[in-house]
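Some notes on the structure that comes next.
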Amino acid sequence: MSAPDGRSPRGTGHAGTVEIPMFPLGAVLLPGESLSLQIFEPRYVALVEDCMDGRREPEFGVVLIARGHEVGGGEVRTEVGTVARITEVIELPGSRYRLRCKGTERLRIEQWLDDAPYPQALAQVWPDGPTDGDGELLSGLRERAARLHALTAQFARRNGIRRPPPSASLDELSDDPTTRSYELAARLPIGPTDRQAALSAPDPHSRLVALSTAVDDAIAMMEFRLL
C-alpha cells in the first residue's frame with residue numbers, strides 16, 4: 001500500500017505511520033473477530049475496488065462512529081480502530097459487494113485525510129503494552145458474567161421469553177494475554193461504547209478492568225429492571 005514520503009507502506013512490517021483506507025461503522029471490530037459487510041455506497045465500492053486491485057494489501061481500517069451515520073458522511077469518528085483484512089469478496093448485481101473480513105491488528109489514527117473518494121487516514125499499528133498477571137481478574141470476570149447471565153434469564157422469563165439468549169462460554173481462551181482479553185471482549189454481552197473502551201485500553205490488564213466495569217454496570221442495570 002502506498003504511503004507518504006518517509007513513511008513505511010503496508011506490507012513492510014507495519015513499521016511507522018501508514019496511509020490506509022478507512023471504513024467508519026456503527027459497531028466495533030476487535031482483533032480476531034470476523035466481519036461481514038454489504039457494500040453499496042459508491043465511496044465504499046471504490047474502497048473495495050482499490051483494496052482488491054492487487055497493488056496493495058487487501059485491508060482497510062475500521063473505526064466506530066461516535067456520532068452520526070454510516071451512510072452519507074459527516075460522522076464523528078473514534079481515533080482507535082482495527083485493521084480489517086478482506087478474506088472473501090462476492091460481487092453482486094448493481095455495483096455491490098459482499099465482504100468477509102478478519103480483524104487483525106489494532107491501529108491508532110494520527111491524522112484524517114481527505115474523504116475523496118473515500119475516508120482515509122494516517123495511522124500506526126498500536127500493540128499492547130506489557131501487562132501484569134490477570135488470573136484474579138479473569139476469575140472475577142467469569143463470576144460476574146455468570147451473574148449477568150442469570151439476571152438476564154430471570155428478566156426474560158418475567159417478560160414471557162421462554163428461551164433467553166445463551167451465554168457465550170468464557171472457557172477455552174488463548175494463553176496469550178492480549179488475544180485472551182480480546183476474546184473476552186468479543187464474548188461478553190456489552191455494547192459498542194464498552195467494546196470501544198476495551199479496544200482502547202493500553203494493555204491486557206487494563207482491558208480486563210474495563211470489561212469488569214462494563215459487566216458490573218450491566219448487572220446494576222439488570223438488577224434495577226428486576227426491582
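Order determines the names: the first chain of the C-alpha cells is A, the second B, and so forth; residues in each chain are numbered 1 upward, and ligands are numbered 1 upward as they are shown.
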Q: Would you list, as a ChimeraX atom specification, the residues of region 7-214 of chain A that end up in helix (DSSP H, G or I) under DSSP run on this structure's backbone?
A: /A:42-51,135-158,177-187,192-200,204-214
Quick one: DSSP strand (DSSP E) residues in region 45-199 of chain A, as a tab-separated table (two decimals) with N, CA and C atoms, in the first residue's frame?
```tsv
chain	number	residue	atom	x	y	z
A	59	GLU	N	-6.81	-4.74	2.66
A	59	GLU	CA	-7.21	-4.42	4.02
A	59	GLU	C	-7.55	-2.94	4.14
A	60	PHE	N	-8.31	-2.64	5.18
A	60	PHE	CA	-8.70	-1.27	5.47
A	60	PHE	C	-8.89	-1.16	6.97
A	61	GLY	N	-8.98	0.06	7.48
A	61	GLY	CA	-9.20	0.26	8.90
A	61	GLY	C	-10.67	0.43	9.21
A	62	VAL	N	-11.08	-0.05	10.37
A	62	VAL	CA	-12.46	0.10	10.84
A	62	VAL	C	-12.43	0.88	12.15
A	63	VAL	N	-13.22	1.94	12.23
A	63	VAL	CA	-13.37	2.70	13.48
A	63	VAL	C	-14.85	2.86	13.78
A	64	LEU	N	-15.15	3.07	15.04
A	64	LEU	CA	-16.52	3.28	15.48
A	64	LEU	C	-16.96	4.71	15.18
A	65	ILE	N	-18.17	4.86	14.68
A	65	ILE	CA	-18.78	6.18	14.54
A	65	ILE	C	-19.31	6.60	15.91
A	66	ALA	N	-18.70	7.64	16.47
A	66	ALA	CA	-19.12	8.11	17.78
A	66	ALA	C	-20.42	8.89	17.70
A	67	ARG	N	-20.63	9.58	16.57
A	67	ARG	CA	-21.86	10.33	16.37
A	67	ARG	C	-22.09	10.47	14.88
A	76	VAL	N	-18.83	11.68	13.17
A	76	VAL	CA	-17.70	11.87	14.09
A	76	VAL	C	-17.12	10.50	14.41
A	77	ARG	N	-15.82	10.34	14.24
A	77	ARG	CA	-15.19	9.02	14.33
A	77	ARG	C	-14.26	8.93	15.53
A	78	THR	N	-14.13	7.73	16.07
A	78	THR	CA	-13.16	7.49	17.14
A	78	THR	C	-11.75	7.42	16.54
A	79	GLU	N	-10.76	7.48	17.42
A	79	GLU	CA	-9.38	7.54	16.97
A	79	GLU	C	-8.63	6.22	17.12
A	80	VAL	N	-9.30	5.20	17.62
A	80	VAL	CA	-8.69	3.87	17.77
A	80	VAL	C	-9.58	2.87	17.05
A	81	GLY	N	-8.99	2.05	16.21
A	81	GLY	CA	-9.76	1.07	15.46
A	81	GLY	C	-8.97	-0.20	15.23
A	82	THR	N	-9.37	-0.95	14.22
A	82	THR	CA	-8.78	-2.25	13.94
A	82	THR	C	-8.60	-2.41	12.43
A	83	VAL	N	-7.50	-3.04	12.04
A	83	VAL	CA	-7.28	-3.37	10.64
A	83	VAL	C	-8.16	-4.56	10.27
A	84	ALA	N	-8.93	-4.42	9.20
A	84	ALA	CA	-9.79	-5.50	8.69
A	84	ALA	C	-9.17	-6.02	7.40
A	85	ARG	N	-8.80	-7.29	7.38
A	85	ARG	CA	-8.24	-7.91	6.18
A	85	ARG	C	-9.36	-8.63	5.44
A	86	ILE	N	-9.50	-8.34	4.16
A	86	ILE	CA	-10.55	-8.95	3.33
A	86	ILE	C	-10.16	-10.39	3.03
A	87	THR	N	-11.02	-11.32	3.38
A	87	THR	CA	-10.77	-12.74	3.13
A	87	THR	C	-11.64	-13.30	2.01
A	88	GLU	N	-12.75	-12.63	1.70
A	88	GLU	CA	-13.62	-13.10	0.61
A	88	GLU	C	-14.40	-11.92	0.06
A	89	VAL	N	-14.51	-11.85	-1.25
A	89	VAL	CA	-15.29	-10.82	-1.93
A	89	VAL	C	-16.28	-11.50	-2.87
A	90	ILE	N	-17.55	-11.16	-2.74
A	90	ILE	CA	-18.57	-11.66	-3.65
A	90	ILE	C	-19.17	-10.46	-4.36
A	91	GLU	N	-19.03	-10.42	-5.68
A	91	GLU	CA	-19.60	-9.32	-6.46
A	91	GLU	C	-21.07	-9.57	-6.70
A	92	LEU	N	-21.90	-8.55	-6.46
A	92	LEU	CA	-23.34	-8.64	-6.60
A	92	LEU	C	-23.82	-7.71	-7.71
A	96	ARG	N	-22.45	-3.75	-6.33
A	96	ARG	CA	-22.47	-4.03	-4.89
A	96	ARG	C	-21.53	-5.20	-4.61
A	97	TYR	N	-21.09	-5.27	-3.37
A	97	TYR	CA	-20.20	-6.35	-2.96
A	97	TYR	C	-20.63	-6.88	-1.59
A	98	ARG	N	-20.35	-8.14	-1.37
A	98	ARG	CA	-20.45	-8.72	-0.04
A	98	ARG	C	-19.03	-9.11	0.38
A	99	LEU	N	-18.62	-8.62	1.56
A	99	LEU	CA	-17.26	-8.88	2.04
A	99	LEU	C	-17.29	-9.74	3.28
A	100	ARG	N	-16.28	-10.60	3.38
A	100	ARG	CA	-15.96	-11.25	4.64
A	100	ARG	C	-14.55	-10.79	5.02
A	101	CYS	N	-14.41	-10.34	6.26
A	101	CYS	CA	-13.13	-9.78	6.71
A	101	CYS	C	-12.76	-10.37	8.06
A	102	LYS	N	-11.50	-10.17	8.43
A	102	LYS	CA	-11.00	-10.62	9.73
A	102	LYS	C	-10.22	-9.48	10.37
A	103	GLY	N	-10.57	-9.15	11.62
A	103	GLY	CA	-9.83	-8.15	12.36
A	103	GLY	C	-8.44	-8.67	12.70
A	104	THR	N	-7.42	-7.88	12.43
A	104	THR	CA	-6.05	-8.33	12.67
A	104	THR	C	-5.38	-7.52	13.77
A	105	GLU	N	-4.95	-6.31	13.45
A	105	GLU	CA	-4.20	-5.52	14.41
A	105	GLU	C	-4.97	-4.27	14.82
A	106	ARG	N	-4.69	-3.80	16.03
A	106	ARG	CA	-5.26	-2.54	16.47
A	106	ARG	C	-4.47	-1.39	15.86
A	107	LEU	N	-5.17	-0.32	15.51
A	107	LEU	CA	-4.48	0.85	14.99
A	107	LEU	C	-4.96	2.12	15.67
A	108	ARG	N	-4.10	3.13	15.63
A	108	ARG	CA	-4.42	4.43	16.21
A	108	ARG	C	-4.29	5.49	15.13
A	109	ILE	N	-5.33	6.29	14.97
A	109	ILE	CA	-5.34	7.32	13.94
A	109	ILE	C	-4.45	8.48	14.36
A	110	GLU	N	-3.58	8.91	13.46
A	110	GLU	CA	-2.77	10.10	13.70
A	110	GLU	C	-3.33	11.32	13.00
A	111	GLN	N	-3.91	11.10	11.81
A	111	GLN	CA	-4.46	12.23	11.06
A	111	GLN	C	-5.47	11.71	10.04
A	112	TRP	N	-6.63	12.33	10.03
A	112	TRP	CA	-7.61	12.01	8.99
A	112	TRP	C	-7.25	12.79	7.74
A	120	GLN	N	-9.89	8.15	4.44
A	120	GLN	CA	-8.52	7.67	4.54
A	120	GLN	C	-7.86	8.33	5.74
A	121	ALA	N	-6.81	7.71	6.25
A	121	ALA	CA	-6.14	8.26	7.42
A	121	ALA	C	-4.68	7.85	7.43
A	122	LEU	N	-3.88	8.63	8.13
A	122	LEU	CA	-2.55	8.21	8.51
A	122	LEU	C	-2.66	7.57	9.88
A	123	ALA	N	-2.17	6.35	10.00
A	123	ALA	CA	-2.37	5.59	11.24
A	123	ALA	C	-1.14	4.76	11.55
A	124	GLN	N	-1.05	4.34	12.79
A	124	GLN	CA	0.00	3.43	13.23
A	124	GLN	C	-0.62	2.22	13.90
A	125	VAL	N	-0.05	1.06	13.63
A	125	VAL	CA	-0.43	-0.12	14.40
A	125	VAL	C	-0.06	0.13	15.85
```
Using only C-alpha atoms, the shortest atom-to-atom distance to His149 (chain A) among A:Pro189, A:Gly54, A:Gly129, A:Pro31 belongs to A:Pro189
CA of Arg187 (chain A) to CA of Leu25 (chain A) measures 19.5 Å
Contacts of Pro42 (chain A) within 9 Å, only C-alpha atoms, excl. fewer than 3 positions in-chain, as a CSV table (one decimal) with all heavy atoms, in the first residue's frame:
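This went into part.csv:
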```csv
chain,number,residue,atom,x,y,z
A,39,ILE,N,-21.7,-3.9,0.7
A,39,ILE,CA,-21.1,-2.7,0.2
A,39,ILE,C,-22.0,-2.2,-0.9
A,39,ILE,O,-22.1,-2.9,-1.9
A,39,ILE,CB,-19.7,-2.8,-0.2
A,39,ILE,CG1,-18.8,-3.5,0.9
A,39,ILE,CG2,-19.1,-1.5,-0.7
A,39,ILE,CD1,-18.7,-2.7,2.1
A,45,VAL,N,-17.7,1.3,-2.4
A,45,VAL,CA,-17.5,0.4,-3.6
A,45,VAL,C,-16.1,0.8,-4.2
A,45,VAL,O,-15.3,-0.1,-4.5
A,45,VAL,CB,-18.6,0.7,-4.7
A,45,VAL,CG1,-18.2,0.0,-6.0
A,45,VAL,CG2,-19.9,0.1,-4.2
A,46,ALA,N,-15.8,2.1,-4.2
A,46,ALA,CA,-14.4,2.5,-4.7
A,46,ALA,C,-13.4,2.0,-3.8
A,46,ALA,O,-12.3,1.5,-4.2
A,46,ALA,CB,-14.4,4.0,-4.8
A,47,LEU,N,-13.6,2.0,-2.5
A,47,LEU,CA,-12.6,1.5,-1.5
A,47,LEU,C,-12.3,0.0,-1.7
A,47,LEU,O,-11.2,-0.4,-1.8
A,47,LEU,CB,-13.1,1.7,-0.1
A,47,LEU,CG,-12.3,1.3,1.1
A,47,LEU,CD1,-12.6,2.2,2.3
A,47,LEU,CD2,-12.4,-0.2,1.5
A,95,SER,N,-23.4,-3.0,-8.9
A,95,SER,CA,-22.2,-2.4,-8.3
A,95,SER,C,-22.2,-2.5,-6.8
A,95,SER,O,-22.0,-1.6,-6.1
A,95,SER,CB,-22.0,-0.9,-8.7
A,95,SER,OG,-21.9,-0.8,-10.1
A,96,ARG,N,-22.5,-3.8,-6.3
A,96,ARG,CA,-22.5,-4.0,-4.9
A,96,ARG,C,-21.5,-5.2,-4.6
A,96,ARG,O,-21.2,-6.0,-5.5
A,96,ARG,CB,-23.9,-4.4,-4.4
A,96,ARG,CG,-24.9,-3.2,-4.5
A,96,ARG,CD,-26.3,-3.7,-4.1
A,96,ARG,NE,-26.8,-4.7,-4.9
A,96,ARG,CZ,-27.3,-5.9,-4.4
A,96,ARG,NH1,-27.2,-6.1,-3.1
A,96,ARG,NH2,-27.7,-6.8,-5.2
A,117,PRO,N,-11.7,9.7,-2.6
A,117,PRO,CA,-13.0,9.3,-2.9
A,117,PRO,C,-13.7,8.5,-1.8
A,117,PRO,O,-14.9,8.2,-1.8
A,117,PRO,CB,-12.8,8.4,-4.1
A,117,PRO,CG,-11.5,7.7,-3.9
A,117,PRO,CD,-10.7,8.8,-3.2
A,118,TYR,N,-12.9,8.2,-0.7
A,118,TYR,CA,-13.5,7.5,0.4
A,118,TYR,C,-12.6,7.9,1.6
A,118,TYR,O,-11.5,8.4,1.5
A,118,TYR,CB,-13.5,6.0,0.2
A,118,TYR,CG,-12.2,5.4,-0.3
A,118,TYR,CD1,-11.0,5.3,0.4
A,118,TYR,CD2,-12.1,5.0,-1.7
A,118,TYR,CE1,-9.8,4.8,-0.1
A,118,TYR,CE2,-10.9,4.5,-2.2
A,118,TYR,CZ,-9.8,4.4,-1.4
A,118,TYR,OH,-8.6,4.0,-2.0
```
Using only C-alpha atoms, determine which residues lie at most 12 Å from Ala201 (chain A), disregarding the query and same-chain residues fewer than 3 positions distant; provide the list as a ChimeraX atom specification. /A:80-81,106,108,126-131,178,181-182,185,194-198,204-211
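Residues surrounding region 137-146 of chain A within 7 Å are A:Leu170, A:Leu208, A:Ser212, A:Val215 [only C-alpha atoms; sequence separation below 6 positions excluded].
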Output file for the selection above: C-alpha atoms, as an mmCIF file, in the first residue's frame:
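out.cif written:
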```cif
data_model
loop_
_atom_site.group_PDB
_atom_site.id
_atom_site.type_symbol
_atom_site.label_atom_id
_atom_site.label_comp_id
_atom_site.auth_asym_id
_atom_site.auth_seq_id
_atom_site.Cartn_x
_atom_site.Cartn_y
_atom_site.Cartn_z
ATOM 1 C CA LEU A 170 -15.596 -17.873 28.680
ATOM 2 C CA LEU A 208 -9.908 -6.732 31.786
ATOM 3 C CA SER A 212 -15.190 -5.893 34.593
ATOM 4 C CA VAL A 215 -20.223 -6.078 33.259
#
```
Which of A:Glu223, A:Glu19, A:Glu57, A:Glu183 sits closest to Glu33 (chain A) [using only C-alpha atoms] =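 The answer is A:Glu183, which sits nearest to Glu33 (chain A).
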